[in-house]
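Structure below is final20.csv: CSV, C-alpha atoms.
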```
chain,number,residue,atom,x,y,z
T,1,MET,CA,-0.5,81.8,61.4
T,2,ARG,CA,1.6,81.2,64.5
T,3,GLY,CA,2.4,77.8,65.9
T,4,GLU,CA,3.9,77.2,69.3
T,5,ALA,CA,5.2,74.3,71.3
T,6,THR,CA,6.6,73.9,74.8
T,7,LEU,CA,8.4,70.7,76.0
T,8,LEU,CA,9.5,69.8,79.5
T,9,VAL,CA,12.4,67.4,79.3
T,10,ASP,CA,15.2,66.0,81.4
T,11,PRO,CA,18.7,67.4,80.8
T,12,GLU,CA,21.1,65.3,78.8
T,13,VAL,CA,24.4,66.4,80.3
T,14,ALA,CA,25.7,68.3,83.4
T,15,ASP,CA,28.7,70.7,83.6
T,16,LEU,CA,30.9,71.0,86.7
T,17,THR,CA,33.7,73.5,87.3
T,18,VAL,CA,36.5,72.3,89.6
T,19,VAL,CA,38.9,75.0,90.9
T,20,ILE,CA,42.2,73.7,92.4
T,21,ILE,CA,44.3,76.0,94.5
T,22,ALA,CA,47.8,75.9,96.0
T,23,HIS,CA,49.8,78.2,98.3
T,24,ALA,CA,53.4,78.2,99.3
T,25,ARG,CA,56.1,80.7,100.3
T,26,ASP,CA,58.2,79.8,97.2
T,27,ARG,CA,56.8,80.2,93.7
T,28,ARG,CA,58.2,76.9,92.4
T,29,GLU,CA,56.8,75.0,95.4
T,30,ALA,CA,53.3,76.6,94.8
T,31,PHE,CA,53.4,75.6,91.2
T,32,GLU,CA,54.6,72.0,91.9
T,33,ARG,CA,51.7,71.6,94.4
T,34,LEU,CA,49.3,72.9,91.8
T,35,VAL,CA,50.7,70.4,89.2
T,36,LYS,CA,50.3,67.5,91.5
T,37,ARG,CA,46.7,68.3,92.5
T,38,ASN,CA,45.8,69.0,88.9
T,39,ASP,CA,47.2,65.6,87.8
T,40,GLU,CA,45.2,63.8,90.6
T,41,VAL,CA,41.9,65.4,89.5
T,42,LEU,CA,42.5,64.6,85.8
T,43,SER,CA,43.4,61.0,86.7
T,44,LEU,CA,40.0,60.7,88.5
T,45,MET,CA,38.2,62.1,85.5
T,46,ARG,CA,39.8,59.6,83.1
T,47,SER,CA,38.9,56.7,85.4
T,48,TYR,CA,35.2,57.3,84.5
T,49,GLY,CA,35.8,56.6,80.8
T,50,ASP,CA,33.0,57.7,78.5
T,51,SER,CA,30.8,58.7,81.4
T,52,VAL,CA,32.8,61.9,81.6
T,53,GLU,CA,32.4,63.3,78.1
T,54,ARG,CA,34.8,66.2,78.2
T,55,VAL,CA,37.5,67.7,80.5
T,56,GLU,CA,38.8,71.1,79.7
T,57,SER,CA,41.4,73.2,81.5
T,58,THR,CA,39.9,76.7,81.2
T,59,GLY,CA,42.4,78.8,83.2
T,60,VAL,CA,45.7,78.8,85.1
T,61,SER,CA,47.1,81.4,87.4
T,62,VAL,CA,50.2,81.7,89.6
T,63,ALA,CA,50.5,85.0,91.4
T,64,PRO,CA,52.4,86.6,94.3
T,65,GLU,CA,50.7,87.7,97.5
T,66,LEU,CA,52.1,90.9,98.9
T,67,ARG,CA,52.6,92.0,102.5
T,68,LYS,CA,50.6,95.0,103.6
T,69,GLY,CA,52.6,98.1,103.7
T,70,LYS,CA,54.6,100.4,101.4
T,71,ASP,CA,57.5,98.0,100.8
T,72,GLU,CA,55.3,95.5,98.8
T,73,LYS,CA,57.4,92.5,99.8
T,74,ILE,CA,56.2,89.2,98.6
T,75,ARG,CA,54.7,87.1,101.4
T,76,SER,CA,53.8,84.0,99.5
T,77,TYR,CA,52.5,82.6,96.1
T,78,SER,CA,49.2,81.2,95.2
T,79,GLY,CA,48.1,79.2,92.2
T,80,ALA,CA,44.8,78.1,90.7
T,81,VAL,CA,43.6,75.8,87.9
T,82,ARG,CA,40.0,75.8,86.6
T,83,ILE,CA,38.7,72.6,85.0
T,84,ARG,CA,35.4,72.3,83.3
T,85,VAL,CA,33.9,68.8,83.3
T,86,THR,CA,31.0,67.6,81.2
T,87,VAL,CA,29.3,64.6,82.6
T,88,ALA,CA,27.3,62.5,80.0
T,89,ASP,CA,26.1,59.7,82.4
T,90,LEU,CA,24.1,61.6,85.0
T,91,ALA,CA,23.8,58.4,87.1
T,92,ILE,CA,27.5,58.8,88.2
T,93,LEU,CA,27.3,62.5,89.0
T,94,GLY,CA,26.6,62.2,92.7
T,95,GLU,CA,29.5,59.7,93.1
T,96,LEU,CA,31.8,61.9,91.1
T,97,VAL,CA,31.0,65.0,93.2
T,98,ALA,CA,31.6,63.0,96.4
T,99,ARG,CA,35.0,61.8,95.2
T,100,LEU,CA,36.0,65.3,94.1
T,101,ALA,CA,35.0,66.6,97.6
T,102,GLU,CA,37.9,64.5,99.0
T,103,PHE,CA,40.6,66.4,97.2
T,104,GLU,CA,42.6,68.9,99.2
T,105,ALA,CA,42.1,72.6,98.4
T,106,ALA,CA,39.5,72.1,95.7
T,107,THR,CA,36.2,73.9,95.1
T,108,ILE,CA,33.4,72.5,93.1
T,109,GLU,CA,30.8,74.6,91.2
T,110,GLY,CA,27.7,73.3,89.6
T,111,PRO,CA,26.0,71.3,88.3
T,112,HIS,CA,24.7,73.3,85.4
T,113,TRP,CA,22.2,71.1,83.6
T,114,ARG,CA,21.6,71.4,79.9
T,115,LEU,CA,20.7,69.7,76.6
T,116,ARG,CA,23.2,69.0,73.9
T,117,ARG,CA,23.4,71.7,71.1
T,118,LEU,CA,22.1,69.2,68.5
T,119,SER,CA,19.6,67.5,70.8
T,120,PRO,CA,16.7,65.9,68.9
T,121,VAL,CA,14.4,67.6,71.5
T,122,TYR,CA,14.8,70.9,69.5
T,123,ARG,CA,13.7,69.2,66.3
T,124,GLU,CA,10.7,67.7,68.1
T,125,ALA,CA,9.7,71.1,69.5
T,126,ARG,CA,10.0,72.7,66.0
T,127,GLY,CA,7.9,69.9,64.5
T,128,ARG,CA,5.2,70.3,67.1
T,129,ALA,CA,5.1,74.1,66.5
T,130,VAL,CA,4.7,73.6,62.7
T,131,ALA,CA,2.0,71.0,63.3
T,132,GLU,CA,0.1,73.5,65.5
T,133,ALA,CA,0.3,76.2,62.9
T,134,VAL,CA,-1.1,73.8,60.3
T,135,THR,CA,-3.9,72.7,62.6
T,136,ARG,CA,-4.9,76.2,63.4
T,137,ALA,CA,-4.8,77.2,59.7
T,138,ARG,CA,-7.1,74.2,58.8
T,139,ASP,CA,-9.5,75.1,61.7
T,140,TYR,CA,-9.8,78.7,60.4
T,141,ALA,CA,-10.3,77.5,56.8
T,142,GLU,CA,-13.0,74.9,57.8
T,143,ALA,CA,-14.8,77.6,59.9
T,144,VAL,CA,-15.5,79.5,56.7
T,145,GLY,CA,-16.1,76.5,54.5
T,146,SER,CA,-12.7,76.5,52.9
T,147,ARG,CA,-9.6,74.3,52.9
T,148,ILE,CA,-5.9,74.7,52.8
T,149,THR,CA,-4.4,74.2,49.4
T,150,GLY,CA,-0.7,75.1,49.9
T,151,LEU,CA,2.1,76.7,51.9
T,152,ILE,CA,3.3,80.2,51.0
T,153,GLU,CA,5.9,80.9,53.7
T,154,LEU,CA,7.2,79.2,56.9
T,155,ALA,CA,9.6,81.0,59.3
T,156,ASP,CA,11.2,79.9,62.6
T,157,THR,CA,10.6,82.8,65.0
T,158,GLY,CA,12.0,81.4,68.2
T,159,LEU,CA,13.7,78.4,69.8
T,160,THR,CA,14.8,78.7,73.4
T,161,THR,CA,15.8,76.6,76.4
T,162,SER,CA,15.5,77.5,80.0
T,163,ALA,CA,15.8,75.6,83.2
T,164,VAL,CA,12.7,75.0,85.3
T,165,ALA,CA,13.0,77.0,88.5
T,166,SER,CA,14.0,75.0,91.5
T,167,ILE,CA,15.5,75.7,95.0
T,168,SER,CA,19.2,75.0,95.2
T,169,PRO,CA,22.0,75.9,97.7
T,170,ALA,CA,23.5,78.2,95.1
T,171,ALA,CA,22.5,79.7,91.8
T,172,GLY,CA,22.6,76.8,89.3
T,173,GLY,CA,24.0,74.3,91.9
T,174,PHE,CA,26.4,74.1,94.8
T,175,VAL,CA,29.8,75.5,95.7
T,176,PHE,CA,31.9,74.1,98.5
T,177,GLY,CA,35.5,73.6,99.4
T,178,ALA,CA,37.0,70.2,99.7
T,179,ARG,CA,39.5,68.8,102.2
T,180,SER,CA,41.9,65.9,102.1
T,181,MET,CA,40.7,62.7,103.8
T,182,ALA,CA,42.7,60.2,105.7
T,183,ALA,CA,43.6,57.0,103.8
T,184,SER,CA,41.6,54.9,106.3
T,185,ALA,CA,38.5,57.1,106.0
T,186,PRO,CA,35.3,55.3,104.9
T,187,GLU,CA,33.9,55.8,101.5
T,188,PRO,CA,32.3,59.2,101.1
T,189,PRO,CA,28.5,59.4,101.0
T,190,VAL,CA,27.0,59.7,97.5
T,191,LEU,CA,25.2,63.0,97.0
T,192,ASP,CA,21.7,62.4,95.5
T,193,LEU,CA,21.3,65.0,92.8
T,194,GLU,CA,17.9,65.5,91.0
T,195,PRO,CA,18.4,66.8,87.4
T,196,GLN,CA,16.8,70.1,86.8
T,197,GLN,CA,14.3,69.8,84.0
T,198,GLN,CA,14.6,71.9,80.8
T,199,ASN,CA,11.8,74.0,79.3
T,200,VAL,CA,12.2,74.0,75.4
T,201,TYR,CA,10.0,76.5,73.6
T,202,ALA,CA,9.6,76.8,69.8
T,203,SER,CA,7.5,79.1,67.7
T,204,VAL,CA,6.9,79.5,63.9
T,205,GLU,CA,5.1,81.9,61.6
T,206,ALA,CA,3.3,80.3,58.6
T,207,ARG,CA,1.3,81.7,55.6
T,208,PHE,CA,-1.0,79.3,53.8
T,209,GLN,CA,-3.0,79.4,50.6
T,210,ALA,CA,-6.7,78.5,50.9
T,211,ALA,CA,-9.4,77.7,48.4
T,212,GLN,CA,-12.4,80.1,48.0
T,213,PRO,CA,-15.2,79.2,50.5
T,214,ASP,CA,-18.0,77.0,49.3
T,215,PHE,CA,-20.5,79.7,50.2
T,216,PRO,CA,-20.2,83.5,49.9
T,217,ILE,CA,-19.2,85.4,53.0
T,218,SER,CA,-21.2,88.6,53.5
```

Let me see whether you can do it: turn the structure in this file into structure tokens.
Amino acid sequence: MRGEATLLVDPEVADLTVVIIAHARDRREAFERLVKRNDEVLSLMRSYGDSVERVESTGVSVAPELRKGKDEKIRSYSGAVRIRVTVADLAILGELVARLAEFEAATIEGPHWRLRRLSPVYREARGRAVAEAVTRARDYAEAVGSRITGLIELADTGLTTSAVASISPAAGGFVFGARSMAASAPEPPVLDLEPQQQNVYASVEARFQAAQPDFPIS
């Protein structure tokens, strides 16, 4: 007997990727600019306390840029740092994005909405799928004048999560470059972000033992 359940729920966290870049004619200068900008972004993240659950540096690169031609002379150097940010308090996400947008030479990617790996929503979906399998088995048994007497086997055949389709500026969110702002500039506008709902699906296969029907089936 198959039991299925589908839940439509709000996401629990959102992931952002911040890419910081720096350019200079000298390798050391490019790296020093990259360090300074990276420190500024990390300081902003720490100022949000537990609202920002995790900050991870996922990649660093410093590379020469060559002039066109056969001599391959180095024209300048470029550097980049990728930072993955997990936001636990979705209420501050719009404000955080607005403040990140003020940083010089930064690109923001996201948000990518999701549930936590151990979210209780998954347990609820599995429970509902099992309940449906039991209900269906009882319905079939009652239809032939029988009743369920025991469980023989129960197997989880599927548990998936997918985002409900929605229109967005870019796949999974937005991408834009940020520019530095003057010290006297007004506070940035807060971007109103609507969380993308998550579709959680669970299915189970169950085998039950049933009593003999009260009347012969012929």

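Considering the residues T:Val41, T:Val204, T:Val62, T:Val52 and counting all atoms listed in the file, Glu29 of chain T has its shortest atom-to-atom contact with T:Val62.
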
Residue with smallest distance to Glu205 of chain T - pool T:Arg84, T:Arg126, T:Lys36, T:Arg147, counting only C-alpha atoms: T:Arg126

Need the shell around Leu42 of chain T: protein/DNA/RNA residues with any atom at most 12 Å away, counting all atoms listed in the file. Skip same-chain ones fewer than 5 positions apart. Format as number ranges by chain? T: 18, 20, 35-37, 47-49, 52, 54-57, 81-85, 100, 103

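Residue nearest Val97 of chain T within the list T:Asp15, T:Val60, T:Asn38, T:Asp50: T:Asp15 [criterion: smallest interatomic distance, all atoms listed in the file].
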
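Distances from T:Thr6, T:Gln212, T:Ser43, T:Thr160 to Gly145 of chain T were compared using all atoms listed in the file, and the smallest one belongs to T:Gln212.
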
Judged by only C-alpha atoms, the minimum distance to Trp113 of chain T among T:Leu7, T:Ala210, T:Leu93, T:Leu44 is found for T:Leu93

Using all atoms listed in the file: which of T:Glu187, T:Asp10, T:Ala211, T:Leu193 has the shortest distance to Glu102 of chain T: T:Glu187

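For the pair atom CA of Thr58 of chain T and atom CA of Arg28 of chain T, the separation is 21.5 Å.
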
Between atom CA of Ser76 of chain T and atom CA of Ile108 of chain T, what is the distance in Å, rounded to a tenth? 24.3 Å

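In this structure, atom CA of Glu53 of chain T sits 5.5 Å away from atom CA of Ala88 of chain T.
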
Give me the residues near Val134 of chain T as number ranges by chain, where near means some atom within 9 Å (using all atoms listed in the file) and where sequence neighbours in that chain fewer than 3 positions away do not count. T: 1-3, 129-131, 137-139, 148, 206, 208
